[in-house]
file upload11.pdb (PDB, C-alpha atoms)
ATOM      1  CA  MET A   1     110.081  91.782 100.165  1.00  0.00           C
ATOM      2  CA  LEU A   2     110.169  95.026 102.118  1.00  0.00           C
ATOM      3  CA  ILE A   3     113.538  96.559 102.929  1.00  0.00           C
ATOM      4  CA  ARG A   4     113.325  99.285 105.543  1.00  0.00           C
ATOM      5  CA  LEU A   5     115.597 102.323 105.753  1.00  0.00           C
ATOM      6  CA  GLN A   6     115.330 103.780 109.249  1.00  0.00           C
ATOM      7  CA  LEU A   7     116.786 106.918 110.794  1.00  0.00           C
ATOM      8  CA  ASP A   8     118.139 105.762 114.151  1.00  0.00           C
ATOM      9  CA  GLU A   9     119.988 108.281 116.333  1.00  0.00           C
ATOM     10  CA  ARG A  10     121.656 110.160 113.449  1.00  0.00           C
ATOM     11  CA  LEU A  11     122.551 106.933 111.663  1.00  0.00           C
ATOM     12  CA  TRP A  12     120.651 105.270 108.847  1.00  0.00           C
ATOM     13  CA  ARG A  13     119.919 101.579 109.263  1.00  0.00           C
ATOM     14  CA  VAL A  14     119.060  99.274 106.353  1.00  0.00           C
ATOM     15  CA  VAL A  15     116.901  96.418 107.643  1.00  0.00           C
ATOM     16  CA  HIS A  16     116.575  93.320 105.453  1.00  0.00           C
ATOM     17  CA  PRO A  17     113.882  90.781 106.461  1.00  0.00           C
ATOM     18  CA  ASP A  18     116.543  88.079 106.910  1.00  0.00           C
ATOM     19  CA  LYS A  19     118.830  90.356 108.980  1.00  0.00           C
ATOM     20  CA  PRO A  20     116.692  92.270 111.490  1.00  0.00           C
ATOM     21  CA  ASP A  21     119.718  93.910 113.162  1.00  0.00           C
ATOM     22  CA  GLY A  22     120.421  95.759 109.936  1.00  0.00           C
ATOM     23  CA  LEU A  23     123.462  97.588 108.644  1.00  0.00           C
ATOM     24  CA  ARG A  24     124.243 101.137 109.761  1.00  0.00           C
ATOM     25  CA  PHE A  25     125.367 104.015 107.557  1.00  0.00           C
ATOM     26  CA  ARG A  26     126.288 107.618 108.364  1.00  0.00           C
ATOM     27  CA  ASN A  27     125.409 108.858 104.881  1.00  0.00           C
ATOM     28  CA  SER A  28     121.730 108.713 103.890  1.00  0.00           C
ATOM     29  CA  ALA A  29     122.444 108.569 100.142  1.00  0.00           C
ATOM     30  CA  ILE A  30     124.776 105.601 100.515  1.00  0.00           C
ATOM     31  CA  ALA A  31     122.245 103.849 102.754  1.00  0.00           C
ATOM     32  CA  PHE A  32     119.442 104.433 100.247  1.00  0.00           C
ATOM     33  CA  ASP A  33     121.563 103.251  97.309  1.00  0.00           C
ATOM     34  CA  PHE A  34     122.409 100.076  99.243  1.00  0.00           C
ATOM     35  CA  ALA A  35     118.752  99.399 100.095  1.00  0.00           C
ATOM     36  CA  ASP A  36     117.715 100.093  96.503  1.00  0.00           C
ATOM     37  CA  ALA A  37     120.351  97.682  95.188  1.00  0.00           C
ATOM     38  CA  LEU A  38     119.080  94.953  97.543  1.00  0.00           C
ATOM     39  CA  ALA A  39     115.514  95.489  96.324  1.00  0.00           C
ATOM     40  CA  ARG A  40     116.526  95.462  92.644  1.00  0.00           C
ATOM     41  CA  LEU A  41     118.588  92.292  93.076  1.00  0.00           C
ATOM     42  CA  HIS A  42     115.775  90.519  94.909  1.00  0.00           C
ATOM     43  CA  HIS A  43     113.316  91.360  92.133  1.00  0.00           C
ATOM     44  CA  ALA A  44     115.783  90.354  89.403  1.00  0.00           C
ATOM     45  CA  ASP A  45     116.587  87.039  91.117  1.00  0.00           C
ATOM     46  CA  THR A  46     113.054  86.012  92.113  1.00  0.00           C
ATOM     47  CA  GLY A  47     110.647  88.014  89.958  1.00  0.00           C
ATOM     48  CA  GLN A  48     108.775  88.891  93.150  1.00  0.00           C
ATOM     49  CA  ARG A  49     107.837  92.387  94.239  1.00  0.00           C
ATOM     50  CA  SER A  50     110.352  94.239  96.376  1.00  0.00           C
ATOM     51  CA  ALA A  51     110.290  97.718  97.880  1.00  0.00           C
ATOM     52  CA  VAL A  52     112.244 100.181  99.987  1.00  0.00           C
ATOM     53  CA  ARG A  53     110.417 102.031 102.745  1.00  0.00           C
ATOM     54  CA  VAL A  54     112.053 105.065 104.364  1.00  0.00           C
ATOM     55  CA  GLU A  55     111.143 105.616 108.031  1.00  0.00           C
ATOM     56  CA  ALA A  56     112.101 108.818 109.873  1.00  0.00           C
ATOM     57  CA  SER A  57     110.607 111.115 112.520  1.00  0.00           C
ATOM     58  CA  GLY A  58     107.519 108.942 112.954  1.00  0.00           C
ATOM     59  CA  ALA A  59     106.652 109.007 109.249  1.00  0.00           C
ATOM     60  CA  CYS A  60     107.260 106.502 106.479  1.00  0.00           C
ATOM     61  CA  VAL A  61     107.055 106.411 102.709  1.00  0.00           C
ATOM     62  CA  GLU A  62     107.546 103.644 100.165  1.00  0.00           C
ATOM     63  CA  ALA A  63     110.312 105.294  98.174  1.00  0.00           C
ATOM     64  CA  VAL A  64     110.754 102.714  95.425  1.00  0.00           C
ATOM     65  CA  SER A  65     109.243  99.405  94.370  1.00  0.00           C
ATOM     66  CA  TYR A  66     109.985  96.793  91.734  1.00  0.00           C
ATOM     67  CA  GLY A  67     107.514  94.313  90.318  1.00  0.00           C
TER      68      GLY A  67
END
call {"tool": "encode", "arguments": {"input": "upload11.pdb", "output": "structure tokens"}}
result
Amino acid sequence: MLIRLQLDERLWRVVHPDKPDGLRFRNSAIAFDFADALARLHHADTGQRSAVRVEASGACVEAVSYG
């Protein structure tokens, strides 16, 4: 599972594959911690690979992955 963390007009949006509208955060650290927790829980529950990709200013990086 890939969880995306996107910078969207000064707000950070955490996009889960099952919820494409995402959740918005003003604080990038809180948004990242939330995305990371989702990825960790998915891996712990399913044993499948999960990752967080950060997308900002036209660039992206896979910041963390489990499994």
call {"tool": "residues_around", "arguments": {"input": "upload11.pdb", "residues": "Ala31 of chain A", "least_positions_apart": "4", "cutoff": "8 Å", "atoms": "all atoms listed in the file", "output": "list in words"}}
result
Leu5, Trp12, Arg13, Val14, Arg24, Phe25, Arg26, Asn27 and Ala35 of chain A
call {"tool": "write_last_selection", "arguments": {"input": "upload11.pdb", "atoms": "C-alpha atoms", "output": "short mmCIF file (atom, residue, chain, number, x, y, z; two decimals), in the coordinates of the input"}}
result
data_model
loop_
_atom_site.label_atom_id
_atom_site.label_comp_id
_atom_site.auth_asym_id
_atom_site.auth_seq_id
_atom_site.Cartn_x
_atom_site.Cartn_y
_atom_site.Cartn_z
CA LEU A 5 115.60 102.32 105.75
CA TRP A 12 120.65 105.27 108.85
CA ARG A 13 119.92 101.58 109.26
CA VAL A 14 119.06 99.27 106.35
CA ARG A 24 124.24 101.14 109.76
CA PHE A 25 125.37 104.02 107.56
CA ARG A 26 126.29 107.62 108.36
CA ASN A 27 125.41 108.86 104.88
CA ALA A 35 118.75 99.40 100.10
#
call {"tool": "closest_residue", "arguments": {"input": "upload11.pdb", "among": "A:Asp33, A:Leu38, A:Gln6, A:Ser65", "to": "Ala51 of chain A", "atoms": "all atoms listed in the file"}}
result
A:Ser65
call {"tool": "atom_distance", "arguments": {"input": "upload11.pdb", "atom1": "atom CA of Ala56 of chain A", "atom2": "atom CA of Leu41 of chain A"}}
result
24.4 Å
call {"tool": "resolve_selection", "arguments": {"input": "upload11.pdb", "expression": "the PyMOL selection byres ((chain A and resi 62) around 7)", "output": "ChimeraX atom specification"}}
result
/A:51-54,60-61,63-64
call {"tool": "atom_distance", "arguments": {"input": "upload11.pdb", "atom1": "atom CA of Gly58 of chain A", "atom2": "atom CA of Glu9 of chain A"}}
result
12.9 Å
call {"tool": "residues_around", "arguments": {"input": "upload11.pdb", "residues": "Pro17 of chain A", "least_positions_apart": "6", "cutoff": "9 Å", "atoms": "all atoms listed in the file", "output": "ChimeraX atom specification"}}
result
/A:1-4
call {"tool": "write_last_selection", "arguments": {"input": "upload11.pdb", "atoms": "C-alpha atoms", "output": "CSV table (one decimal), keeping the file's coordinate frame"}}
result
chain,number,residue,atom,x,y,z
A,1,MET,CA,110.1,91.8,100.2
A,2,LEU,CA,110.2,95.0,102.1
A,3,ILE,CA,113.5,96.6,102.9
A,4,ARG,CA,113.3,99.3,105.5
call {"tool": "atom_distance", "arguments": {"input": "upload11.pdb", "atom1": "atom CA of His43 of chain A", "atom2": "atom CA of Ser57 of chain A"}}
result
28.5 Å
call {"tool": "closest_residue", "arguments": {"input": "upload11.pdb", "among": "A:Gly47, A:Glu55, A:Leu11, A:His16", "to": "Ile30 of chain A", "atoms": "only C-alpha atoms"}}
result
A:Leu11
call {"tool": "build_atoms", "arguments": {"input": "upload11.pdb", "residues": "segment 26-61 of chain A", "atoms": "N, CA and C atoms", "output": "mmCIF file, keeping the file's coordinate frame"}}
result
data_model
loop_
_atom_site.group_PDB
_atom_site.id
_atom_site.type_symbol
_atom_site.label_atom_id
_atom_site.label_comp_id
_atom_site.auth_asym_id
_atom_site.auth_seq_id
_atom_site.Cartn_x
_atom_site.Cartn_y
_atom_site.Cartn_z
ATOM 1 N N ARG A 26 126.331 106.207 107.964
ATOM 2 C CA ARG A 26 126.288 107.618 108.364
ATOM 3 C C ARG A 26 125.669 108.481 107.273
ATOM 4 N N ASN A 27 125.857 108.076 106.025
ATOM 5 C CA ASN A 27 125.409 108.858 104.881
ATOM 6 C C ASN A 27 124.076 108.310 104.365
ATOM 7 N N SER A 28 123.067 109.165 104.309
ATOM 8 C CA SER A 28 121.730 108.713 103.890
ATOM 9 C C SER A 28 121.700 108.263 102.433
ATOM 10 N N ALA A 29 122.442 108.937 101.561
ATOM 11 C CA ALA A 29 122.444 108.569 100.142
ATOM 12 C C ALA A 29 123.062 107.191 99.934
ATOM 13 N N ILE A 30 124.142 106.915 100.627
ATOM 14 C CA ILE A 30 124.776 105.601 100.515
ATOM 15 C C ILE A 30 123.842 104.524 101.065
ATOM 16 N N ALA A 31 123.190 104.807 102.173
ATOM 17 C CA ALA A 31 122.245 103.849 102.754
ATOM 18 C C ALA A 31 121.092 103.571 101.790
ATOM 19 N N PHE A 32 120.548 104.628 101.183
ATOM 20 C CA PHE A 32 119.442 104.433 100.247
ATOM 21 C C PHE A 32 119.899 103.640 99.029
ATOM 22 N N ASP A 33 121.057 103.979 98.474
ATOM 23 C CA ASP A 33 121.563 103.251 97.309
ATOM 24 C C ASP A 33 121.751 101.767 97.626
ATOM 25 N N PHE A 34 122.227 101.466 98.829
ATOM 26 C CA PHE A 34 122.409 100.076 99.243
ATOM 27 C C PHE A 34 121.057 99.359 99.332
ATOM 28 N N ALA A 35 120.088 99.991 99.969
ATOM 29 C CA ALA A 35 118.752 99.399 100.095
ATOM 30 C C ALA A 35 118.111 99.200 98.727
ATOM 31 N N ASP A 36 118.260 100.182 97.855
ATOM 32 C CA ASP A 36 117.715 100.093 96.503
ATOM 33 C C ASP A 36 118.356 98.935 95.737
ATOM 34 N N ALA A 37 119.666 98.782 95.866
ATOM 35 C CA ALA A 37 120.351 97.682 95.188
ATOM 36 C C ALA A 37 119.846 96.328 95.693
ATOM 37 N N LEU A 38 119.631 96.201 96.999
ATOM 38 C CA LEU A 38 119.080 94.953 97.543
ATOM 39 C C LEU A 38 117.704 94.656 96.950
ATOM 40 N N ALA A 39 116.867 95.673 96.867
ATOM 41 C CA ALA A 39 115.514 95.489 96.324
ATOM 42 C C ALA A 39 115.566 95.100 94.849
ATOM 43 N N ARG A 40 116.407 95.782 94.074
ATOM 44 C CA ARG A 40 116.526 95.462 92.644
ATOM 45 C C ARG A 40 117.032 94.039 92.436
ATOM 46 N N LEU A 41 118.043 93.646 93.207
ATOM 47 C CA LEU A 41 118.588 92.292 93.076
ATOM 48 C C LEU A 41 117.557 91.232 93.452
ATOM 49 N N HIS A 42 116.810 91.479 94.510
ATOM 50 C CA HIS A 42 115.775 90.519 94.909
ATOM 51 C C HIS A 42 114.753 90.347 93.793
ATOM 52 N N HIS A 43 114.299 91.445 93.215
ATOM 53 C CA HIS A 43 113.316 91.360 92.133
ATOM 54 C C HIS A 43 113.908 90.653 90.909
ATOM 55 N N ALA A 44 115.149 90.984 90.563
ATOM 56 C CA ALA A 44 115.783 90.354 89.403
ATOM 57 C C ALA A 44 115.977 88.852 89.616
ATOM 58 N N ASP A 45 116.334 88.455 90.824
ATOM 59 C CA ASP A 45 116.587 87.039 91.117
ATOM 60 C C ASP A 45 115.315 86.211 91.243
ATOM 61 N N THR A 46 114.253 86.799 91.801
ATOM 62 C CA THR A 46 113.054 86.012 92.113
ATOM 63 C C THR A 46 111.839 86.358 91.259
ATOM 64 N N GLY A 47 111.824 87.556 90.686
ATOM 65 C CA GLY A 47 110.647 88.014 89.958
ATOM 66 C C GLY A 47 109.545 88.511 90.878
ATOM 67 N N GLN A 48 109.768 88.442 92.177
ATOM 68 C CA GLN A 48 108.775 88.891 93.150
ATOM 69 C C GLN A 48 108.921 90.386 93.414
ATOM 70 N N ARG A 49 107.839 90.963 93.909
ATOM 71 C CA ARG A 49 107.837 92.387 94.239
ATOM 72 C C ARG A 49 108.810 92.666 95.377
ATOM 73 N N SER A 50 109.496 93.786 95.280
ATOM 74 C CA SER A 50 110.352 94.239 96.376
ATOM 75 C C SER A 50 110.245 95.750 96.462
ATOM 76 N N ALA A 51 110.458 96.282 97.662
ATOM 77 C CA ALA A 51 110.290 97.718 97.880
ATOM 78 C C ALA A 51 111.241 98.202 98.962
ATOM 79 N N VAL A 52 111.469 99.518 98.939
ATOM 80 C CA VAL A 52 112.244 100.181 99.987
ATOM 81 C C VAL A 52 111.329 101.194 100.653
ATOM 82 N N ARG A 53 111.214 101.080 101.972
ATOM 83 C CA ARG A 53 110.417 102.031 102.745
ATOM 84 C C ARG A 53 111.362 102.842 103.628
ATOM 85 N N VAL A 54 111.242 104.165 103.549
ATOM 86 C CA VAL A 54 112.053 105.065 104.364
ATOM 87 C C VAL A 54 111.228 105.469 105.583
ATOM 88 N N GLU A 55 111.825 105.312 106.771
ATOM 89 C CA GLU A 55 111.143 105.616 108.031
ATOM 90 C C GLU A 55 111.979 106.623 108.817
ATOM 91 N N ALA A 56 111.391 107.785 109.105
ATOM 92 C CA ALA A 56 112.101 108.818 109.873
ATOM 93 C C ALA A 56 111.098 109.725 110.561
ATOM 94 N N SER A 57 111.419 110.149 111.759
ATOM 95 C CA SER A 57 110.607 111.115 112.520
ATOM 96 C C SER A 57 109.143 110.709 112.628
ATOM 97 N N GLY A 58 108.881 109.423 112.789
ATOM 98 C CA GLY A 58 107.519 108.942 112.954
ATOM 99 C C GLY A 58 106.717 108.828 111.669
ATOM 100 N N ALA A 59 107.334 109.113 110.542
ATOM 101 C CA ALA A 59 106.652 109.007 109.249
ATOM 102 C C ALA A 59 107.353 107.953 108.397
ATOM 103 N N CYS A 60 106.635 107.450 107.401
ATOM 104 C CA CYS A 60 107.260 106.502 106.479
ATOM 105 C C CYS A 60 106.671 106.685 105.086
ATOM 106 N N VAL A 61 107.484 106.328 104.098
ATOM 107 C CA VAL A 61 107.055 106.411 102.709
ATOM 108 C C VAL A 61 107.727 105.280 101.934
#
